[in-house]
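Below you'll find the structure, written out as structure tokens, and then a few comments.
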Amino acid sequence: MSIIPISTIYRLVTLRLGYGAEIADECAKLIWKDQSRSINYSQIKTKPERIPGMLWDKIVIHSDNGERLVISGIKKKSSESSLQVLTQRVGSYQVGLLNPAYKQIKGSYDSFKSAFSYRYTRHSKIERWKAENKELTGQLNNDFALQFMPEEKQKIIGKFLSLFSQSHQIRDKQNQKFIAKELSSFQEYFDKVENNPLTERQRLACIVNEDNNLVIAGAGSGKTSVIIAKAGYLIQSGLAQPHEILILAYGRKASKETDERIKEKLPNVEGVTTSTFHKLGLTIIGESTGKKPRVSKLQEDTAEFYKIINNFLTDLTKSDKAYNQRVIDYFVTHLIPYESEFDHQQQGDYFAALQEGDMRSLKSRIEWAEKRSGRKSLQQEKLKSFEEVVIADFLFVNGIKYIYEHPYKIDTATADKTQYQPDFYLPEYDIYIEHFGIGRDGSTPPFVSQFEYTQGIEWKRGLHNKHETILVETYSYEMKEGTLTDLLHSKLEKRGVKFSPLSFQELLELLISIGEEKKADQFTELIVTFLDLFKQSGYSFDTIRVNANQHPDRPRCHAFIDVFEPIYAEYTNELNRSGTVDFSDMIRKATDLVQSGKYKPSFKYILVDEFQDISAIRADLVKSLVDKGDDTVLSCVGDDWQSIYRFSGSDISYTGNFEEYFGYTKKVPLDKTFRYNDKLNDFSTTFITQNPAQIKKDVTSHTSVPTNAVTLVEYYEDVDRAIQHCVDDIQTKHPEKATIYILGRYSFSKPAFLQNMAKHYPEYTFKFDTVHGSKGKEADFVIVVDVNDARYGFPSKIANEPLLDLVLPQSETHEYAEERRLFYVAITRAKHHSFVLFDVVKPSVFIEEIRDERNGSKYHFNQISTEGVASAPPDFGTCPSCGTGKMMMRVMPDGRFFFGCGHYPFCSYTPRTCNACNKYPLIKDGGYYRCKNPECGNVVSGCKQCSDGVMVERRGKFGKFLGCSNYGKTKCGYTEKPL
Ligand SMILES: [Zn+2]
Ligand SMILES: [Zn+2]
Ligand SMILES: [Zn+2]
């Protein structure tokens with residue numbers, strides 16, 4: 001200890017007589033009266049400073065936590081020596097602290113080096129080393145203390161610290177060296193393991209063994225080759241024993257194929273585990289519980305599954321009246337997805353939805369079925385909205401007689417107004433029902449004038465009031481809010497209407513009697529699909545109810561869940577009763593056993609093929625095997641461009657967010673396709689990357705050709721002729737033997753004449769498949785049929801039952817994202833050339849996109865027009881009334897014709913036929929009417945007084961003038977000056 005001399009003047013001036021300061025063994029101390037303040041030397045990371053004054057000096061000491069100790073009043077002549085003593089004391093104290101840490105450096109160096117013991121060094125290994133040495137570097141990272149160390153030691157410490165901060169750069173360099181070495185040591189192996197020598201990237205995918213690895217493949221880029229070659233490499237390089245490798249595949253078939261390929265390509269290897277997820281689940285449960293579970297027979301026998309679900313439905317509806325009501329309500333109100341007028345900007349779009357949905361009431365379908373044998377010209381009741389169908393069927397299943405659009409009992413017809421027909425009339429009760437298409441606030445759909453519509457409502461209400469007739473009102477918003485039938489029930493009950501509801505069994509029998517048993521089957525199918533996906537999702541009922549609240553068709557979702565929940569309970573009971581599990585249970589139970597430590601995975605390397613198809617519960621199982629394994633390396637091979645199984649639970653987001661889910665990942669993109677040429681590669685890549693969410697890849701082809709590899713083929717109605725045209729085209733360019741793959745979005749696109757084709761063209765092998773079925777296969781030529789704008793077109797507009805969104809992985813925001821991938825899969829099956837066929841009157845959006853001139857030279861393709869195209873009806877224009885209906889020519893039996901809207905009977909707009917060419921309609925365009933005939937070009941002014949008259953030339957007393965064409969019809973007397 002040494003005392004810091006304090007000036008006497010200071011003590012006198014500041015009246016601090018007992019003031020003193022000392023440099024103790026471990027701290028600097030300030031003493032004043034009976035208190036003292038001190039700073040420990042270990043806290044000092046900067047040199048104390050001396051501040052000279054006039055009469056005395058100061059020394060300021062900073063601690064590393066921001067505190068200051070100011071020693072004032074130091075005698076001027078001894079302040080410098082005091083500072084030196086203090087600094088020396090602090091220095092030697094800190095060197096004392098640093099020495100044990102310094103001694104550990106060598107050990108840390110060695111452990112760092114051992115991380116690189118002749119192998120690919122993983123991120124986690126370095127991270128672990130860093131974690132172990134974090135405290136040590138914290139101690140050494142002390143510049144102030146370091147300056148008191150001998151220079152030699154300082155250098156060593158500096159080196160160690162920079163090693164710590166650059167450990168990953170060092171790892172990268174070492175790994176690069178290692179990869180280069182392996183590439184040359186294993187060159188022969190990589191040259192010969194597959195039929196073709198592996199590409200540089202495929203080799204990399206084998207050698208790189210990061211904690212997690214994602215090999216991003218493209219079509220025909222040799223995914224499975226990587227899996228096989230990697231397994232062989234791991235064994236040959238001594239990284240793994242065969243039994244430490246697990247290769248996971250989805251289907252039994254794929255797993256078997258992998259197994260066979262390993263036997264063929266790696267003949268000396270035995271004991272690699274190839275397994276499906278299900279088999280792995282069974283093994284895990286069996287090994288860890290001692291009891292291998294029995295799989296429910298329902299998982300393999302779909303017919304039996306349907307039967308049992310139907311039995312549950314029958315039993316529940318028979319024993320539970322409220323449940324029976326729920327099922328009936330679902331059938332009446334929600335069997336088909338609801339479309340609201342309010343959700344469409346153009347009336348024509350709503351009309352298109354009406355045309356796609358069956359707008360016939362149950363009553364009219366029954367009448368139709370009864371009378372079909374007799375009169376064929378019976379007019380069927382076509383209702384005007386989804387809501388009207390619900391009301392009609394609600395009345396029907398409750399045994400309430402109604403007449404649709406029955407003329408009101410009082411005559412209201414005038415010169416320009418037809419007789420008033422309320423929507424529904426209940427003859428037994430003398431009640432009228434009007435359904436008003438308004439929102440809760442009285443608003444109308446975008447294409448309906450709220451003013452006029454509200455006036456109409458007021459007129460009707462006034463009329464019923466005046467004549468004291470009963471009017472029951474319903475509203476569009478009641479359907480949206482899910483209260484339409486409940487409210488109608490109570491409104492009618494109040495007015496004395498008696499209900500005698502059908503039972504579900506009676507409803508089923510009715511449907512069967514009119515040939516609509518398919519509707520009941522589809523409902524069962526929906527329940528089975530929903531149940532399967534519900535289990536795969538791992539969601540609870542609470543979760544799907546929350547999802548339902550956010551669904552655009554909320555009431556339908558809840559109605560379905562209400563029907564589904566008791567069936568699900570029965571199903572679970574059934575599994576328990578029979579002591580069996582289903583596939584989803586198996587995977588979830590296996591995951592639980594791994595996570596809880598009851599099963600210890602022994603795999604060092606897990607390889608997953610077709611990773612883009614993984615579902616949530618399967619991803620969880622893989623993750624648990626990696627997390628609970630002993631330093632397990634995960635390698636997945638997948639192609640996000642070919643992810644086409646969302647409908648069965650595949651979640652593409654696991655590929656997109658791979659690293660977020662599994663942890664540190666090295667991605668190796670495969671960059672070469674072996675299947676097709678550069679032109680098909682360019683075309684398909686351009687097409688798939690229109691969706692910005694797809695991973696960008698730089699794929700090149702092994703062959704280069706000078707001509708286009710895609711041909712758009714237009715036809716009119718006769719698709720068979722178009723296919724033949726394609727085959728003829730193939731024949732001229734490729735007369736030798738070849739395989740031709742005909743692909744359809746749906747199985748019903750299969751051409752009937754396929755066998756004849758084989759006879760006609762013996763040099764070619766023909767095969768048909770759905771696009772889904774074609775995954776993983778290839779042919780010389782591909783013909784994709786029905787790329788049309790239709791419900792069952794390509795893209796398909798009904799890809800998913802919207803209810804399944806409650807249990808499916810989140811859908812993507814890009815429109816037709818999955819259909820786009822399907823189209824990509826279709827055209828990339830071809831080695832040489834793909835033909836894309838579409839009907840000239842309804843090309844799909846994909847065709848429009850490809851041939852859109854605004855895309856410039858984005859797509860390169862050929863075009864073929866088959867003979868029938870010339871006979872296709874011309875484009876007569878679009879309906880100016882509903883906005884989207886196509887104008888159609890209607891020919892009457894006597895040969896005369898007129899034009900009408902394609903959305904008839906929902907849109908009854910009929911334009912005038914052109915007075916100049918008499919071949920095309922005149923379509924309204926602002927104040928004019930234009931002929932759509934490109935060879936005519938006739939333009940006529942519209943009448944400025946009435947809504948649909950045109951100005952025609954007439955002759956009067958004073959010569960020619962223009963007058964309204966409605967002069968004779970509605971007495972519109974509007975005229976314009978002579979020409
Ligand atoms: Zn129309
Ligand atoms: Zn014309
Ligand atoms: Zn007029």
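Residues are named by chain letter and number: chains run A, B, ... in the order of the structure tokens, numbers start at 1 in each chain, and ligands are numbered from 1 in the order shown.
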- Task: Counting only C-alpha atoms and all ligand atoms, name the residues that have an atom within 6 Å of an atom of ligand 2; the answer should be given as number ranges by chain.
- Result: A: 914, 916-918, 920, 931, 933, 936, 938
If you keep N, CA, C and O atoms, can you produce a file of those selected residues as a PDB file, in the first residue's frame?
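Full text of part-v9.pdb as output:
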```
ATOM      1  N   CYS A 914     -76.228  -5.879 -87.225  1.00  0.00           N
ATOM      2  CA  CYS A 914     -75.700  -4.764 -88.026  1.00  0.00           C
ATOM      3  C   CYS A 914     -76.542  -4.544 -89.282  1.00  0.00           C
ATOM      4  O   CYS A 914     -76.811  -5.491 -90.035  1.00  0.00           O
ATOM      5  N   ALA A 916     -75.648  -2.907 -91.813  1.00  0.00           N
ATOM      6  CA  ALA A 916     -74.837  -2.814 -93.025  1.00  0.00           C
ATOM      7  C   ALA A 916     -74.459  -4.198 -93.555  1.00  0.00           C
ATOM      8  O   ALA A 916     -74.729  -4.534 -94.699  1.00  0.00           O
ATOM      9  N   CYS A 917     -73.859  -5.054 -92.686  1.00  0.00           N
ATOM     10  CA  CYS A 917     -73.406  -6.354 -93.186  1.00  0.00           C
ATOM     11  C   CYS A 917     -74.384  -7.475 -92.847  1.00  0.00           C
ATOM     12  O   CYS A 917     -74.331  -8.548 -93.443  1.00  0.00           O
ATOM     13  N   ASN A 918     -75.236  -7.231 -91.864  1.00  0.00           N
ATOM     14  CA  ASN A 918     -76.209  -8.228 -91.422  1.00  0.00           C
ATOM     15  C   ASN A 918     -75.557  -9.545 -90.997  1.00  0.00           C
ATOM     16  O   ASN A 918     -76.121 -10.616 -91.143  1.00  0.00           O
ATOM     17  N   TYR A 920     -73.008  -9.421 -88.085  1.00  0.00           N
ATOM     18  CA  TYR A 920     -72.473  -9.251 -86.737  1.00  0.00           C
ATOM     19  C   TYR A 920     -73.426  -8.378 -85.933  1.00  0.00           C
ATOM     20  O   TYR A 920     -74.236  -7.639 -86.504  1.00  0.00           O
ATOM     21  N   CYS A 931     -70.144  -2.133 -85.282  1.00  0.00           N
ATOM     22  CA  CYS A 931     -70.188  -3.496 -85.811  1.00  0.00           C
ATOM     23  C   CYS A 931     -68.844  -4.152 -85.523  1.00  0.00           C
ATOM     24  O   CYS A 931     -67.792  -3.562 -85.762  1.00  0.00           O
ATOM     25  N   ASN A 933     -67.685  -6.736 -86.988  1.00  0.00           N
ATOM     26  CA  ASN A 933     -67.141  -7.377 -88.174  1.00  0.00           C
ATOM     27  C   ASN A 933     -65.967  -6.547 -88.703  1.00  0.00           C
ATOM     28  O   ASN A 933     -66.151  -5.405 -89.108  1.00  0.00           O
ATOM     29  N   CYS A 936     -66.496  -4.932 -91.950  1.00  0.00           N
ATOM     30  CA  CYS A 936     -67.623  -4.010 -92.113  1.00  0.00           C
ATOM     31  C   CYS A 936     -67.296  -2.640 -91.516  1.00  0.00           C
ATOM     32  O   CYS A 936     -67.229  -1.646 -92.213  1.00  0.00           O
ATOM     33  N   ASN A 938     -69.011  -0.760 -89.639  1.00  0.00           N
ATOM     34  CA  ASN A 938     -70.169   0.132 -89.518  1.00  0.00           C
ATOM     35  C   ASN A 938     -70.265   0.731 -88.108  1.00  0.00           C
ATOM     36  O   ASN A 938     -70.144   0.022 -87.112  1.00  0.00           O
TER      37      ASN A 938
END
```
- Find the spatial neighbours of Leu69 in chain A, counting only C-alpha atoms, within a cut-off of 9 Å - ignore same-chain residues fewer than 6 positions away - and output them as a ChimeraX atom specification. /A:28-30,37-39,59-63
Produce a table with one row for each residue of chain A that has an atom at most 8 Å from any atom of ligand 3, each row naming the nearest atom pair and its distance in Å at one decimal; use only C-alpha atoms and all ligand atoms; arrange rows by chain and rising residue number; format as a Markdown table.
```
| residue | atom | partner | partner_atom_place_in_ligand_line | distance |
| --- | --- | --- | --- | --- |
| A:Gly942 | CA | ligand 3 | 1 (Zn) | 7.9 |
| A:Cys943 | CA | ligand 3 | 1 (Zn) | 4.7 |
| A:Lys944 | CA | ligand 3 | 1 (Zn) | 6.6 |
| A:Gln945 | CA | ligand 3 | 1 (Zn) | 5.0 |
| A:Cys946 | CA | ligand 3 | 1 (Zn) | 4.1 |
| A:Ser947 | CA | ligand 3 | 1 (Zn) | 6.8 |
| A:Asp948 | CA | ligand 3 | 1 (Zn) | 6.8 |
| A:Gly949 | CA | ligand 3 | 1 (Zn) | 4.5 |
| A:Val950 | CA | ligand 3 | 1 (Zn) | 6.8 |
| A:Met951 | CA | ligand 3 | 1 (Zn) | 7.8 |
| A:Gly963 | CA | ligand 3 | 1 (Zn) | 7.8 |
| A:Cys964 | CA | ligand 3 | 1 (Zn) | 4.5 |
| A:Ser965 | CA | ligand 3 | 1 (Zn) | 6.5 |
| A:Asn966 | CA | ligand 3 | 1 (Zn) | 5.4 |
| A:Tyr967 | CA | ligand 3 | 1 (Zn) | 6.9 |
| A:Cys972 | CA | ligand 3 | 1 (Zn) | 4.6 |
| A:Gly973 | CA | ligand 3 | 1 (Zn) | 6.5 |
| A:Tyr974 | CA | ligand 3 | 1 (Zn) | 5.5 |
```
Kindly compile the residues surrounding ligand 1 within 6 Å, counting only C-alpha atoms and all ligand atoms, and format them as a compact mmCIF listing (two decimals) with C-alpha atoms, in the first residue's frame.
```
# COMPACT_ATOMS: atom_id res chain seq x y z
CA CYS A 879 -71.96 -7.93 -73.71
CA SER A 881 -74.96 -5.00 -70.28
CA CYS A 882 -73.29 -7.47 -67.92
CA GLY A 885 -70.68 -12.29 -71.39
CA CYS A 901 -75.43 -12.83 -74.28
CA HIS A 903 -74.78 -15.50 -69.77
CA CYS A 907 -78.41 -11.90 -68.78
CA TYR A 909 -79.34 -8.64 -73.37
```
- Taking the backbone alone, and naming residues the way the document does, which bits of range 575-775 of chain A are strand (DSSP E) by DSSP, as a PyMOL selection string? chain A and resi 580-581+605-608+633-638+665-669+672-677+700-703+710-715+738-744+764-770
May I have the selected residues written with C-alpha atoms, as a PDB file, in the first residue's frame?
```pdb
ATOM      1  CA  THR A 580     -55.338 -49.400 -34.426  1.00  0.00           C
ATOM      2  CA  VAL A 581     -53.708 -46.184 -35.607  1.00  0.00           C
ATOM      3  CA  TYR A 605     -26.933 -38.942 -41.890  1.00  0.00           C
ATOM      4  CA  ILE A 606     -30.557 -38.475 -42.900  1.00  0.00           C
ATOM      5  CA  LEU A 607     -31.284 -38.029 -46.606  1.00  0.00           C
ATOM      6  CA  VAL A 608     -34.757 -36.930 -47.769  1.00  0.00           C
ATOM      7  CA  VAL A 633     -26.479 -34.271 -40.667  1.00  0.00           C
ATOM      8  CA  LEU A 634     -29.660 -33.610 -42.619  1.00  0.00           C
ATOM      9  CA  SER A 635     -29.526 -33.545 -46.425  1.00  0.00           C
ATOM     10  CA  CYS A 636     -32.680 -32.837 -48.378  1.00  0.00           C
ATOM     11  CA  VAL A 637     -33.129 -32.824 -52.111  1.00  0.00           C
ATOM     12  CA  GLY A 638     -36.094 -30.941 -53.497  1.00  0.00           C
ATOM     13  CA  THR A 665     -28.124 -24.615 -43.899  1.00  0.00           C
ATOM     14  CA  LYS A 666     -25.913 -24.867 -46.944  1.00  0.00           C
ATOM     15  CA  LYS A 667     -27.849 -24.719 -50.191  1.00  0.00           C
ATOM     16  CA  VAL A 668     -26.449 -26.352 -53.280  1.00  0.00           C
ATOM     17  CA  PRO A 669     -28.432 -25.649 -56.428  1.00  0.00           C
ATOM     18  CA  LYS A 672     -27.799 -28.663 -65.235  1.00  0.00           C
ATOM     19  CA  THR A 673     -30.715 -30.475 -66.775  1.00  0.00           C
ATOM     20  CA  PHE A 674     -30.066 -33.743 -68.539  1.00  0.00           C
ATOM     21  CA  ARG A 675     -33.568 -34.144 -69.862  1.00  0.00           C
ATOM     22  CA  TYR A 676     -34.251 -31.392 -72.339  1.00  0.00           C
ATOM     23  CA  ASN A 677     -32.556 -28.864 -74.583  1.00  0.00           C
ATOM     24  CA  THR A 700     -28.364 -24.769 -68.136  1.00  0.00           C
ATOM     25  CA  SER A 701     -29.045 -27.610 -70.514  1.00  0.00           C
ATOM     26  CA  HIS A 702     -26.725 -30.328 -71.726  1.00  0.00           C
ATOM     27  CA  THR A 703     -27.860 -29.821 -75.322  1.00  0.00           C
ATOM     28  CA  VAL A 710     -42.621 -25.483 -77.619  1.00  0.00           C
ATOM     29  CA  THR A 711     -45.534 -25.292 -80.052  1.00  0.00           C
ATOM     30  CA  LEU A 712     -48.933 -23.770 -79.299  1.00  0.00           C
ATOM     31  CA  VAL A 713     -51.616 -25.687 -81.195  1.00  0.00           C
ATOM     32  CA  GLU A 714     -55.049 -24.132 -81.625  1.00  0.00           C
ATOM     33  CA  TYR A 715     -58.093 -26.155 -82.623  1.00  0.00           C
ATOM     34  CA  ALA A 738     -39.932 -42.148 -80.154  1.00  0.00           C
ATOM     35  CA  THR A 739     -42.160 -41.975 -77.091  1.00  0.00           C
ATOM     36  CA  ILE A 740     -45.081 -39.547 -77.031  1.00  0.00           C
ATOM     37  CA  TYR A 741     -46.631 -38.583 -73.717  1.00  0.00           C
ATOM     38  CA  ILE A 742     -50.135 -37.080 -73.796  1.00  0.00           C
ATOM     39  CA  LEU A 743     -50.850 -35.169 -70.591  1.00  0.00           C
ATOM     40  CA  GLY A 744     -54.137 -33.856 -69.258  1.00  0.00           C
ATOM     41  CA  TYR A 764     -44.220 -44.253 -81.778  1.00  0.00           C
ATOM     42  CA  THR A 765     -45.175 -45.376 -78.303  1.00  0.00           C
ATOM     43  CA  PHE A 766     -48.155 -43.440 -76.927  1.00  0.00           C
ATOM     44  CA  LYS A 767     -49.039 -43.006 -73.310  1.00  0.00           C
ATOM     45  CA  PHE A 768     -51.581 -40.871 -71.481  1.00  0.00           C
ATOM     46  CA  ASP A 769     -51.268 -39.571 -67.935  1.00  0.00           C
ATOM     47  CA  THR A 770     -52.552 -36.795 -65.740  1.00  0.00           C
TER      48      THR A 770
END
```
- Query: If you measure from CA of Ser81 in chain A to CA of Tyr10 in chain A, what distance in Å do you get, rounded to one decimal?
  - Reply: 18.9 Å
- Item | Secondary structure check, helix (DSSP H, G or I) residues of range 460-573 of chain A, as a PyMOL selection string | chain A and resi 460-467+476-480+484-494+504-513+517-537+541-550+554-573
- Task: Considering only C-alpha atoms, return as a ChimeraX atom specification whatever protein or nucleic-acid residues lie within 8 Å of range 528-531 of chain A, sequence-local ones (same chain, fewer than 3 positions apart) excluded.
- Result: /A:305-306,309,524-525,534-535,568,804,807
Could you list, as an mmCIF file with C-alpha atoms, in the first residue's frame, every residue within 8 Å of Ser584 in chain A, counting only C-alpha atoms and ignoring same-chain residues fewer than 3 positions away?
```cif
data_model
loop_
_atom_site.group_PDB
_atom_site.id
_atom_site.type_symbol
_atom_site.label_atom_id
_atom_site.label_comp_id
_atom_site.auth_asym_id
_atom_site.auth_seq_id
_atom_site.Cartn_x
_atom_site.Cartn_y
_atom_site.Cartn_z
ATOM 1 C CA ASP A 532 -57.140 -36.928 -43.362
ATOM 2 C CA LYS A 535 -54.964 -35.067 -38.846
ATOM 3 C CA GLN A 536 -51.961 -34.300 -41.029
ATOM 4 C CA ILE A 587 -46.011 -40.210 -37.514
ATOM 5 C CA ARG A 588 -47.126 -38.023 -34.626
ATOM 6 C CA ILE A 617 -46.088 -33.617 -39.337
#
```
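Minimum atom-to-atom distance to Gln325 in chain A, evaluated using only C-alpha atoms, belongs to A:Pro501 out of A:Gly286, A:Pro501, A:Pro762, A:Gly629.
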